[in-house]
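Shown next: my_file.pdb, containing PDB, C-alpha atoms and all ligand atoms.
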ATOM      1  CA  MET A   1      -6.561   4.461   5.766
ATOM      2  CA  THR A   2      -2.930   3.576   6.336
ATOM      3  CA  LEU A   3      -0.318   6.086   5.271
ATOM      4  CA  ARG A   4       2.816   4.476   3.806
ATOM      5  CA  LEU A   5       5.977   6.528   3.359
ATOM      6  CA  HIS A   6       8.580   5.179   0.940
ATOM      7  CA  TRP A   7      11.899   6.397   2.284
ATOM      8  CA  SER A   8      15.661   6.213   2.326
ATOM      9  CA  PRO A   9      17.868   7.745   5.059
ATOM     10  CA  ASP A  10      18.218  11.525   4.780
ATOM     11  CA  SER A  11      16.434  11.668   1.436
ATOM     12  CA  ALA A  12      13.582  14.108   0.795
ATOM     13  CA  ASN A  13      11.329  11.809   2.838
ATOM     14  CA  LEU A  14      12.926  13.335   5.958
ATOM     15  CA  VAL A  15      10.800  16.458   5.413
ATOM     16  CA  VAL A  16       7.648  14.367   5.171
ATOM     17  CA  ARG A  17       8.567  12.155   8.118
ATOM     18  CA  ILE A  18       9.092  15.163  10.414
ATOM     19  CA  ALA A  19       5.735  16.554   9.269
ATOM     20  CA  LEU A  20       3.946  13.238   9.888
ATOM     21  CA  GLU A  21       5.560  12.803  13.293
ATOM     22  CA  THR A  22       4.995  16.348  14.509
ATOM     23  CA  LEU A  23       1.411  16.381  13.230
ATOM     24  CA  ALA A  24       0.859  13.038  14.999
ATOM     25  CA  LEU A  25      -0.311  11.136  11.908
ATOM     26  CA  PRO A  26       0.447   7.400  12.219
ATOM     27  CA  PHE A  27       2.169   5.868   9.196
ATOM     28  CA  GLU A  28       4.160   2.862   8.018
ATOM     29  CA  GLY A  29       7.595   3.172   6.463
ATOM     30  CA  VAL A  30       8.693   1.277   3.372
ATOM     31  CA  ARG A  31      12.465   1.430   3.140
ATOM     32  CA  ILE A  32      14.023   1.909  -0.290
ATOM     33  CA  ASN A  33      17.528   0.587  -0.882
ATOM     34  CA  ARG A  34      18.950   3.338  -3.073
ATOM     35  CA  ALA A  35      22.276   1.609  -3.583
ATOM     36  CA  ALA A  36      20.419  -1.400  -5.007
ATOM     37  CA  GLY A  37      18.297   0.879  -7.220
ATOM     38  CA  ASP A  38      14.958  -0.052  -5.654
ATOM     39  CA  HIS A  39      13.565   3.329  -6.708
ATOM     40  CA  LYS A  40      14.212   2.575 -10.404
ATOM     41  CA  ARG A  41      12.363  -0.779 -10.404
ATOM     42  CA  PRO A  42       9.006  -1.138 -12.158
ATOM     43  CA  GLU A  43       7.049  -1.548  -8.901
ATOM     44  CA  TYR A  44       8.361   1.798  -7.643
ATOM     45  CA  LEU A  45       8.100   3.543 -11.040
ATOM     46  CA  ALA A  46       4.427   2.582 -11.018
ATOM     47  CA  LEU A  47       4.111   4.820  -7.952
ATOM     48  CA  ASN A  48       6.464   7.606  -9.070
ATOM     49  CA  PRO A  49       7.448   7.491 -12.759
ATOM     50  CA  GLN A  50      10.344   9.857 -11.982
ATOM     51  CA  GLY A  51      11.963   7.195  -9.822
ATOM     52  CA  LEU A  52      12.454   9.732  -7.045
ATOM     53  CA  ILE A  53      12.033   9.369  -3.297
ATOM     54  CA  PRO A  54       9.698   9.975  -1.481
ATOM     55  CA  VAL A  55       6.303   8.547  -2.275
ATOM     56  CA  LEU A  56       3.382   8.630   0.129
ATOM     57  CA  GLN A  57       0.508   6.197  -0.265
ATOM     58  CA  ASP A  58      -2.733   7.046   1.459
ATOM     59  CA  GLY A  59      -4.999   4.080   0.886
ATOM     60  CA  ASP A  60      -5.525   4.060  -2.880
ATOM     61  CA  LEU A  61      -4.074   7.536  -3.294
ATOM     62  CA  VAL A  62      -0.473   7.938  -4.424
ATOM     63  CA  LEU A  63       1.464  11.156  -3.903
ATOM     64  CA  PHE A  64       4.905  12.117  -5.158
ATOM     65  CA  GLU A  65       6.790  15.437  -4.972
ATOM     66  CA  THR A  66       7.740  16.483  -1.461
ATOM     67  CA  GLY A  67       5.730  19.712  -1.587
ATOM     68  CA  ALA A  68       2.577  17.949  -2.779
ATOM     69  CA  ILE A  69       2.997  15.262  -0.130
ATOM     70  CA  LEU A  70       3.463  17.907   2.569
ATOM     71  CA  TRP A  71       0.288  19.618   1.444
ATOM     72  CA  HIS A  72      -1.630  16.341   1.558
ATOM     73  CA  VAL A  73      -0.260  15.615   5.034
ATOM     74  CA  ALA A  74      -1.344  19.045   6.273
ATOM     75  CA  GLU A  75      -4.817  18.515   4.775
ATOM     76  CA  ARG A  76      -5.022  15.121   6.444
ATOM     77  CA  ALA A  77      -4.119  16.713   9.794
ATOM     78  CA  GLY A  78      -6.380  19.707   9.179
ATOM     79  CA  ARG A  79      -3.606  22.050  10.210
ATOM     80  CA  LEU A  80      -0.352  23.450   8.895
ATOM     81  CA  GLY A  81       1.747  22.710  11.960
ATOM     82  CA  PRO A  82       1.634  21.009  15.349
ATOM     83  CA  ASP A  83       0.201  24.160  16.957
ATOM     84  CA  GLY A  84      -1.789  25.309  13.913
ATOM     85  CA  PRO A  85      -2.748  27.382  12.048
ATOM     86  CA  LEU A  86      -5.741  25.454  10.729
ATOM     87  CA  MET A  87      -6.001  24.600   7.039
ATOM     88  CA  ASP A  88      -9.268  26.517   6.781
ATOM     89  CA  ASP A  89      -7.579  29.784   7.773
ATOM     90  CA  PRO A  90      -7.503  31.448   4.311
ATOM     91  CA  ALA A  91      -4.586  33.800   4.999
ATOM     92  CA  ALA A  92      -2.385  31.119   6.547
ATOM     93  CA  ARG A  93      -3.302  28.675   3.778
ATOM     94  CA  ALA A  94      -2.367  31.173   1.046
ATOM     95  CA  ALA A  95       0.929  31.975   2.779
ATOM     96  CA  ALA A  96       1.728  28.281   3.203
ATOM     97  CA  LEU A  97       0.916  27.566  -0.450
ATOM     98  CA  ARG A  98       3.298  30.221  -1.707
ATOM     99  CA  TRP A  99       6.144  29.218   0.612
ATOM    100  CA  VAL A 100       5.803  25.481   0.021
ATOM    101  CA  PHE A 101       5.839  26.119  -3.751
ATOM    102  CA  TYR A 102       8.824  28.437  -3.402
ATOM    103  CA  LEU A 103      10.735  25.855  -1.400
ATOM    104  CA  SER A 104       9.887  23.112  -3.871
ATOM    105  CA  ASN A 105      10.369  25.029  -7.137
ATOM    106  CA  THR A 106      13.324  27.172  -6.147
ATOM    107  CA  VAL A 107      15.256  26.120  -3.037
ATOM    108  CA  HIS A 108      14.917  22.333  -3.299
ATOM    109  CA  ALA A 109      15.229  22.463  -7.100
ATOM    110  CA  ASP A 110      18.499  24.420  -6.805
ATOM    111  CA  LEU A 111      19.829  21.914  -4.278
ATOM    112  CA  ARG A 112      19.121  19.106  -6.707
ATOM    113  CA  VAL A 113      21.097  20.865  -9.457
ATOM    114  CA  ALA A 114      24.079  21.134  -7.115
ATOM    115  CA  PHE A 115      23.797  17.575  -5.809
ATOM    116  CA  TYR A 116      23.302  16.006  -9.237
ATOM    117  CA  ALA A 117      25.446  18.502 -11.189
ATOM    118  CA  ASP A 118      26.756  15.789 -13.526
ATOM    119  CA  ARG A 119      23.235  15.371 -14.923
ATOM    120  CA  TYR A 120      23.216  18.998 -16.058
ATOM    121  CA  LEU A 121      26.679  19.273 -17.573
ATOM    122  CA  ASP A 122      28.670  17.519 -20.293
ATOM    123  CA  ASP A 123      31.926  18.892 -18.929
ATOM    124  CA  ALA A 124      32.834  17.483 -15.489
ATOM    125  CA  ALA A 125      35.366  20.298 -15.031
ATOM    126  CA  ALA A 126      32.449  22.755 -14.885
ATOM    127  CA  VAL A 127      30.834  21.081 -11.852
ATOM    128  CA  PRO A 128      32.638  23.178  -9.180
ATOM    129  CA  SER A 129      31.695  26.370 -10.996
ATOM    130  CA  LEU A 130      28.054  25.336 -11.240
ATOM    131  CA  ARG A 131      28.031  24.475  -7.534
ATOM    132  CA  ARG A 132      29.548  27.855  -6.655
ATOM    133  CA  GLY A 133      26.740  29.491  -8.618
ATOM    134  CA  ILE A 134      24.128  27.460  -6.741
ATOM    135  CA  ALA A 135      25.784  28.330  -3.404
ATOM    136  CA  ARG A 136      25.494  31.999  -4.371
ATOM    137  CA  ARG A 137      21.824  31.587  -5.219
ATOM    138  CA  LEU A 138      21.269  29.780  -1.940
ATOM    139  CA  ARG A 139      22.688  32.707  -0.002
ATOM    140  CA  GLY A 140      20.110  34.874  -1.763
ATOM    141  CA  HIS A 141      17.308  32.460  -0.830
ATOM    142  CA  GLY A 142      18.560  32.397   2.774
ATOM    143  CA  ALA A 143      18.611  36.190   3.008
ATOM    144  CA  LEU A 144      15.090  36.386   1.584
ATOM    145  CA  MET A 145      13.734  33.865   4.103
ATOM    146  CA  GLU A 146      15.673  35.452   6.987
ATOM    147  CA  ALA A 147      13.880  38.718   6.124
ATOM    148  CA  GLN A 148      10.531  36.911   6.110
ATOM    149  CA  LEU A 149      11.210  35.399   9.541
ATOM    150  CA  ALA A 150      12.000  38.895  10.835
ATOM    151  CA  LYS A 151       8.432  39.841   9.888
ATOM    152  CA  THR A 152       6.468  36.723  10.809
ATOM    153  CA  GLY A 153       8.536  34.536  13.151
ATOM    154  CA  GLY A 154       8.242  31.404  11.002
ATOM    155  CA  LEU A 155       7.545  31.530   7.253
ATOM    156  CA  ILE A 156       3.788  31.662   7.876
ATOM    157  CA  GLY A 157       3.508  33.007  11.415
ATOM    158  CA  PRO A 158       4.830  32.462  14.921
ATOM    159  CA  SER A 159       4.145  28.708  15.098
ATOM    160  CA  VAL A 160       6.107  26.034  13.217
ATOM    161  CA  THR A 161       4.468  24.820  10.001
ATOM    162  CA  VAL A 162       5.203  22.267   7.295
ATOM    163  CA  ALA A 163       6.816  25.078   5.271
ATOM    164  CA  ASP A 164       9.267  25.737   8.105
ATOM    165  CA  ILE A 165      10.077  22.029   8.305
ATOM    166  CA  TYR A 166      10.770  21.932   4.542
ATOM    167  CA  LEU A 167      13.005  25.004   4.853
ATOM    168  CA  ALA A 168      14.969  23.647   7.817
ATOM    169  CA  VAL A 169      15.643  20.285   6.158
ATOM    170  CA  CYS A 170      16.832  22.016   2.962
ATOM    171  CA  LEU A 171      19.295  23.944   5.138
ATOM    172  CA  ARG A 172      20.412  20.685   6.752
ATOM    173  CA  TRP A 173      21.246  19.191   3.349
ATOM    174  CA  ALA A 174      23.006  22.355   2.165
ATOM    175  CA  GLN A 175      25.301  22.174   5.209
ATOM    176  CA  LEU A 176      26.144  18.499   4.572
ATOM    177  CA  TYR A 177      26.160  17.939   0.826
ATOM    178  CA  PRO A 178      27.790  17.587  -1.645
ATOM    179  CA  ALA A 179      30.044  15.487   0.588
ATOM    180  CA  GLY A 180      33.376  17.169   1.218
ATOM    181  CA  ALA A 181      32.273  20.486  -0.287
ATOM    182  CA  PRO A 182      28.897  21.425   1.203
ATOM    183  CA  LEU A 183      27.008  24.380  -0.234
ATOM    184  CA  LEU A 184      26.748  26.196   3.119
ATOM    185  CA  ALA A 185      29.432  26.480   5.799
ATOM    186  CA  GLY A 186      26.769  27.077   8.484
ATOM    187  CA  LEU A 187      23.878  29.313   9.467
ATOM    188  CA  ALA A 188      25.794  31.980  11.390
ATOM    189  CA  GLU A 189      24.795  34.761   8.983
ATOM    190  CA  TRP A 190      21.083  33.959   9.473
ATOM    191  CA  PRO A 191      20.246  33.984  13.212
ATOM    192  CA  ARG A 192      16.503  33.644  12.618
ATOM    193  CA  LEU A 193      16.886  30.655  10.308
ATOM    194  CA  HIS A 194      19.225  29.136  12.882
ATOM    195  CA  ALA A 195      16.694  29.717  15.683
ATOM    196  CA  LEU A 196      13.891  28.190  13.596
ATOM    197  CA  GLY A 197      16.013  25.110  12.875
ATOM    198  CA  ALA A 198      16.824  24.826  16.587
ATOM    199  CA  ARG A 199      13.108  24.980  17.466
ATOM    200  CA  ILE A 200      12.249  22.253  14.980
ATOM    201  CA  GLU A 201      15.125  19.968  15.925
ATOM    202  CA  GLY A 202      13.945  20.198  19.557
ATOM    203  CA  LEU A 203      10.440  18.879  18.763
ATOM    204  CA  ALA A 204       9.835  15.339  20.003
ATOM    205  CA  GLY A 205       8.387  14.362  16.625
ATOM    206  CA  ALA A 206      11.462  15.616  14.808
ATOM    207  CA  ARG A 207      13.707  13.645  17.150
ATOM    208  CA  ARG A 208      11.706  10.487  16.417
ATOM    209  CA  ALA A 209      12.157  11.186  12.697
ATOM    210  CA  PHE A 210      15.936  11.626  13.050
ATOM    211  CA  ALA A 211      16.208   8.389  15.035
ATOM    212  CA  ALA A 212      14.216   6.461  12.414
ATOM    213  CA  GLU A 213      16.593   7.675   9.685
ATOM    214  CA  MET A 214      19.745   7.006  11.743
ATOM    215  CA  ILE A 215      20.532  10.717  11.860
ATOM    216  CA  PRO A 216      22.443  12.027  14.900
ATOM    217  CA  ALA A 217      19.766  14.141  16.612
ATOM    218  CA  ASP A 218      22.068  16.659  18.241
ATOM    219  CA  ARG A 219      21.722  19.872  16.178
ATOM    220  CA  ALA A 220      20.471  17.780  13.255
ATOM    221  CA  LEU A 221      19.271  20.894  11.422
ATOM    222  CA  THR A 222      21.652  23.588  12.660
ATOM    223  CA  ALA A 223      25.044  21.794  12.723
ATOM    224  CA  PRO A 224      24.182  18.506  11.039
ATOM    225  CA  GLN A 225      26.013  15.228  10.795
ATOM    226  CA  PRO A 226      25.275  12.600   8.144
ATOM    227  CA  PRO A 227      23.344   9.460   9.063
ATOM    228  CA  ASN A 228      25.322   6.709  10.742
ATOM    229  CA  LEU A 229      25.477   4.597   7.607
ATOM    230  CA  PRO A 230      27.848   3.796   4.742
ATOM    231  CA  ARG A 231      27.748   6.645   2.263
ATOM    232  CA  ASP A 232      26.212   4.676  -0.595
ATOM    233  CA  GLN A 233      23.197   3.989   1.591
ATOM    234  CA  ILE A 234      22.517   7.645   2.352
ATOM    235  CA  THR A 235      21.752   9.970  -0.519
ATOM    236  CA  GLY A 236      23.726   8.764  -3.498
ATOM    237  CA  VAL A 237      25.080  12.310  -3.688
ATOM    238  CA  VAL A 238      28.787  12.488  -4.482
TER     239      VAL A 238
HETATM  240  N1  LIG B 301      11.285  17.067  -6.752
HETATM  241  C1  LIG B 301      11.398  15.851  -5.974
HETATM  242  C2  LIG B 301      12.847  15.624  -5.653
HETATM  243  C3  LIG B 301      13.039  14.387  -4.790
HETATM  244  C4  LIG B 301      14.488  13.959  -4.772
HETATM  245  O1  LIG B 301      15.388  14.696  -5.193
HETATM  246  N2  LIG B 301      14.711  12.745  -4.298
HETATM  247  C5  LIG B 301      16.055  12.218  -4.306
HETATM  248  C6  LIG B 301      16.432  11.795  -2.904
HETATM  249  S1  LIG B 301      16.613  13.217  -1.866
HETATM  250  C7  LIG B 301      16.084  11.007  -5.191
HETATM  251  O2  LIG B 301      15.150  10.249  -5.248
HETATM  252  N3  LIG B 301      17.200  10.851  -5.921
HETATM  253  C8  LIG B 301      17.399   9.729  -6.771
HETATM  254  C9  LIG B 301      17.639  10.183  -8.185
HETATM  255  O3  LIG B 301      17.665  11.392  -8.458
HETATM  256  O4  LIG B 301      17.786   9.312  -9.028
HETATM  257  C10 LIG B 301      10.577  15.954  -4.703
HETATM  258  O5  LIG B 301      10.398  17.056  -4.219
HETATM  259  O6  LIG B 301      10.113  14.922  -4.209
END
As structure tokens - that is how I would like this structure written.
Amino acid sequence: MTLRLHWSPDSANLVVRIALETLALPFEGVRINRAAGDHKRPEYLALNPQGLIPVLQDGDLVLFETGAILWHVAERAGRLGPDGPLMDDPAARAAALRWVFYLSNTVHADLRVAFYADRYLDDAAAVPSLRRGIARRLRGHGALMEAQLAKTGGLIGPSVTVADIYLAVCLRWAQLYPAGAPLLAGLAEWPRLHALGARIEGLAGARRAFAAEMIPADRALTAPQPPNLPRDQITGVV
């Protein structure tokens, strides 16, 4: 069955693309033109009624939500990361489930509130205050995950997993967006998160993913630059 990833540069699909590439699962890309609103058209809404990117099609199966797609990708590969652990390792599977849900429900969800703050507020003057609150929360999430890495190396164990990829891409976005006032100034206060990002950005599969999304590969997760594209073609985040 062909896997088809619906994507736009540096959107949440980047997490999935790095997972697919590093787990060596072949797939086709279907590029979404966000500026033209492709993701709000009926054909796309039939795949994801939220009108959000990404979607993964696996034959007749349709997946949306980055965390759910990551889980499906790991099941397809039979392992949680390029060097394992295997999906049928109960302890690793339970750890991966809790961290992928945490990243999806808490870290990624908070980022979305900051990036799309106008959708949550009537008063535009309150946007900077809301974003400062999210930045504060993010520092708490970072400290919590830094402490986990001190215990286990990556979020699950010593080898890189899909949960680590999700984490590292969230940190990329937080260092880049919102444009002009990113949520994080850098990763200096979290040496283990920095080292994990550096490991992932050095993987050949991750470098292929950055190239496909026009993202400068040099320190793409630890000192990121936006894709080489006009802003309205990147994330739509202002
Ligand atoms: N909870 C969703 C969030 C995905 C998401 O935020 N996608 C963004 C791109 S990074 C998007 O489609 N934004 C368009 C919009 O919000 O209208 C997931 O995990 O897949």
Mind running chain A against ligand LIG 301 (chain B) at 9 Å and telling me each contacting residue's nearest atom pair with the distance in Å (one decimal), counting only C-alpha atoms and all ligand atoms, chain and number ascending, as a Markdown table?
| residue | atom | partner | partner_atom | distance |
| --- | --- | --- | --- | --- |
| A:Trp7 | CA | B:LIG301 | C6 | 8.8 |
| A:Ser8 | CA | B:LIG301 | C6 | 7.7 |
| A:Pro9 | CA | B:LIG301 | S1 | 8.9 |
| A:Asp10 | CA | B:LIG301 | S1 | 7.0 |
| A:Ser11 | CA | B:LIG301 | S1 | 3.7 |
| A:Ala12 | CA | B:LIG301 | S1 | 4.1 |
| A:Asn13 | CA | B:LIG301 | S1 | 7.2 |
| A:Leu14 | CA | B:LIG301 | S1 | 8.7 |
| A:Arg34 | CA | B:LIG301 | C8 | 7.5 |
| A:Gly37 | CA | B:LIG301 | O4 | 8.6 |
| A:His39 | CA | B:LIG301 | O2 | 7.2 |
| A:Lys40 | CA | B:LIG301 | O4 | 7.7 |
| A:Gln50 | CA | B:LIG301 | O4 | 8.0 |
| A:Gly51 | CA | B:LIG301 | O4 | 6.2 |
| A:Leu52 | CA | B:LIG301 | O2 | 3.3 |
| A:Ile53 | CA | B:LIG301 | O2 | 3.8 |
| A:Pro54 | CA | B:LIG301 | O6 | 5.7 |
| A:Val55 | CA | B:LIG301 | O6 | 7.7 |
| A:Phe64 | CA | B:LIG301 | O6 | 6.0 |
| A:Glu65 | CA | B:LIG301 | O6 | 3.4 |
| A:Thr66 | CA | B:LIG301 | O5 | 3.9 |
| A:Gly67 | CA | B:LIG301 | O5 | 6.0 |
| A:Ala68 | CA | B:LIG301 | O5 | 8.0 |
| A:Ile69 | CA | B:LIG301 | O6 | 8.2 |
| A:Ser104 | CA | B:LIG301 | O5 | 6.1 |
| A:Asn105 | CA | B:LIG301 | N1 | 8.0 |
| A:His108 | CA | B:LIG301 | O5 | 7.0 |
| A:Ala109 | CA | B:LIG301 | N1 | 6.7 |
| A:Leu111 | CA | B:LIG301 | O1 | 8.5 |
| A:Arg112 | CA | B:LIG301 | O1 | 6.0 |
| A:Phe115 | CA | B:LIG301 | O1 | 8.9 |
| A:Tyr116 | CA | B:LIG301 | O3 | 7.3 |
| A:Thr235 | CA | B:LIG301 | C6 | 6.1 |
| A:Gly236 | CA | B:LIG301 | C8 | 7.2 |
| A:Val237 | CA | B:LIG301 | N3 | 8.3 |
For the atom pair atom CA of Leu221 of chain A and atom CA of Gln148 of chain A, what is the interatomic distance in Å to one decimal place?
->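 These two atoms are separated by 19.0 Å.
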Can you list what the PyMOL selection byres (((chain A and resi 76-83) around 6) and not hetatm) grabs from this structure, as number ranges by chain?
-> A: 22-23, 73-75, 84-87, 160-162
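Comparing the minimum interatomic distances between Ala204 of chain A and each of A:Ala94, A:Ala217, A:Val15, A:Leu45, counting only C-alpha atoms, we find that A:Ala217 sits nearest.
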Can you turn the PyMOL selection byres (((chain A and resi 25-29) around 8) and not hetatm) into a concrete residue list for this file, as a list in words?
-> Thr2, Leu3, Arg4, Leu5, His6, Trp7, Leu20, Glu21, Thr22, Leu23, Ala24, Val30, Arg31 and Ala77 of chain A
Output file request: segment 30-60 of chain A, with N, CA and C atoms, as a JSON list (two decimals), in the first residue's frame.
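Result file follows (out.json):
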[["chain", "number", "residue", "atom", "x", "y", "z"],
["A", 30, "VAL", "N", 2.00, 14.84, -1.08],
["A", 30, "VAL", "CA", 0.98, 15.63, -1.79],
["A", 30, "VAL", "C", 1.07, 17.03, -1.20],
["A", 31, "ARG", "N", 1.57, 17.97, -2.00],
["A", 31, "ARG", "CA", 1.81, 19.31, -1.44],
["A", 31, "ARG", "C", 0.51, 20.11, -1.36],
["A", 32, "ILE", "N", 0.32, 20.73, -0.20],
["A", 32, "ILE", "CA", -0.85, 21.59, 0.04],
["A", 32, "ILE", "C", -0.38, 23.04, -0.09],
["A", 33, "ASN", "N", -1.11, 23.82, -0.85],
["A", 33, "ASN", "CA", -0.81, 25.26, -0.93],
["A", 33, "ASN", "C", -1.65, 25.96, 0.13],
["A", 34, "ARG", "N", -1.01, 26.26, 1.26],
["A", 34, "ARG", "CA", -1.76, 26.86, 2.38],
["A", 34, "ARG", "C", -2.26, 28.24, 2.03],
["A", 35, "ALA", "N", -1.41, 29.00, 1.32],
["A", 35, "ALA", "CA", -1.80, 30.38, 0.99],
["A", 35, "ALA", "C", -3.07, 30.38, 0.13],
["A", 36, "ALA", "N", -3.21, 29.35, -0.71],
["A", 36, "ALA", "CA", -4.39, 29.27, -1.58],
["A", 36, "ALA", "C", -5.57, 28.59, -0.85],
["A", 37, "GLY", "N", -5.34, 28.12, 0.37],
["A", 37, "GLY", "CA", -6.42, 27.51, 1.14],
["A", 37, "GLY", "C", -6.77, 26.10, 0.70],
["A", 38, "ASP", "N", -5.81, 25.39, 0.13],
["A", 38, "ASP", "CA", -6.09, 24.01, -0.31],
["A", 38, "ASP", "C", -6.64, 23.14, 0.81],
["A", 39, "HIS", "N", -6.18, 23.42, 2.04],
["A", 39, "HIS", "CA", -6.56, 22.56, 3.17],
["A", 39, "HIS", "C", -7.97, 22.86, 3.69],
["A", 40, "LYS", "N", -8.64, 23.86, 3.10],
["A", 40, "LYS", "CA", -10.02, 24.16, 3.50],
["A", 40, "LYS", "C", -11.00, 23.78, 2.38],
["A", 41, "ARG", "N", -10.50, 23.15, 1.32],
["A", 41, "ARG", "CA", -11.38, 22.75, 0.21],
["A", 41, "ARG", "C", -12.06, 21.42, 0.52],
["A", 42, "PRO", "N", -13.22, 21.19, -0.11],
["A", 42, "PRO", "CA", -13.99, 19.98, 0.22],
["A", 42, "PRO", "C", -13.20, 18.68, 0.07],
["A", 43, "GLU", "N", -12.34, 18.60, -0.95],
["A", 43, "GLU", "CA", -11.58, 17.35, -1.16],
["A", 43, "GLU", "C", -10.69, 17.07, 0.05],
["A", 44, "TYR", "N", -10.09, 18.14, 0.61],
["A", 44, "TYR", "CA", -9.20, 17.94, 1.76],
["A", 44, "TYR", "C", -10.04, 17.73, 3.02],
["A", 45, "LEU", "N", -11.13, 18.48, 3.17],
["A", 45, "LEU", "CA", -11.98, 18.32, 4.37],
["A", 45, "LEU", "C", -12.57, 16.91, 4.44],
["A", 46, "ALA", "N", -12.68, 16.27, 3.28],
["A", 46, "ALA", "CA", -13.18, 14.88, 3.29],
["A", 46, "ALA", "C", -12.15, 13.96, 3.95],
["A", 47, "LEU", "N", -10.88, 14.38, 3.93],
["A", 47, "LEU", "CA", -9.83, 13.59, 4.58],
["A", 47, "LEU", "C", -9.65, 14.00, 6.04],
["A", 48, "ASN", "N", -9.64, 15.31, 6.28],
["A", 48, "ASN", "CA", -9.53, 15.82, 7.65],
["A", 48, "ASN", "C", -10.54, 16.95, 7.83],
["A", 49, "PRO", "N", -11.67, 16.66, 8.48],
["A", 49, "PRO", "CA", -12.73, 17.68, 8.61],
["A", 49, "PRO", "C", -12.30, 18.92, 9.38],
["A", 50, "GLN", "N", -11.15, 18.84, 10.09],
["A", 50, "GLN", "CA", -10.63, 20.02, 10.77],
["A", 50, "GLN", "C", -9.96, 20.99, 9.81],
["A", 51, "GLY", "N", -9.62, 20.50, 8.61],
["A", 51, "GLY", "CA", -8.88, 21.35, 7.68],
["A", 51, "GLY", "C", -7.48, 21.64, 8.17],
["A", 52, "LEU", "N", -6.88, 20.69, 8.84],
["A", 52, "LEU", "CA", -5.51, 20.87, 9.36],
["A", 52, "LEU", "C", -4.56, 19.92, 8.65],
["A", 53, "ILE", "N", -3.32, 20.35, 8.57],
["A", 53, "ILE", "CA", -2.24, 19.59, 7.96],
["A", 53, "ILE", "C", -1.41, 19.00, 9.11],
["A", 54, "PRO", "N", -1.03, 17.75, 9.07],
["A", 54, "PRO", "CA", -1.01, 16.83, 7.94],
["A", 54, "PRO", "C", -2.17, 15.85, 7.93],
["A", 55, "VAL", "N", -2.23, 15.14, 6.79],
["A", 55, "VAL", "CA", -3.02, 13.91, 6.66],
["A", 55, "VAL", "C", -2.07, 12.86, 6.10],
["A", 56, "LEU", "N", -2.24, 11.63, 6.58],
["A", 56, "LEU", "CA", -1.53, 10.50, 5.96],
["A", 56, "LEU", "C", -2.57, 9.52, 5.44],
["A", 57, "GLN", "N", -2.46, 9.17, 4.18],
["A", 57, "GLN", "CA", -3.29, 8.09, 3.62],
["A", 57, "GLN", "C", -2.43, 6.84, 3.50],
["A", 58, "ASP", "N", -3.00, 5.75, 3.92],
["A", 58, "ASP", "CA", -2.32, 4.45, 3.83],
["A", 58, "ASP", "C", -3.30, 3.52, 3.12],
["A", 59, "GLY", "N", -3.20, 3.46, 1.80],
["A", 59, "GLY", "CA", -4.22, 2.74, 1.05],
["A", 59, "GLY", "C", -5.56, 3.40, 1.30],
["A", 60, "ASP", "N", -6.53, 2.61, 1.78],
["A", 60, "ASP", "CA", -7.86, 3.15, 2.06],
["A", 60, "ASP", "C", -7.96, 3.81, 3.43]]
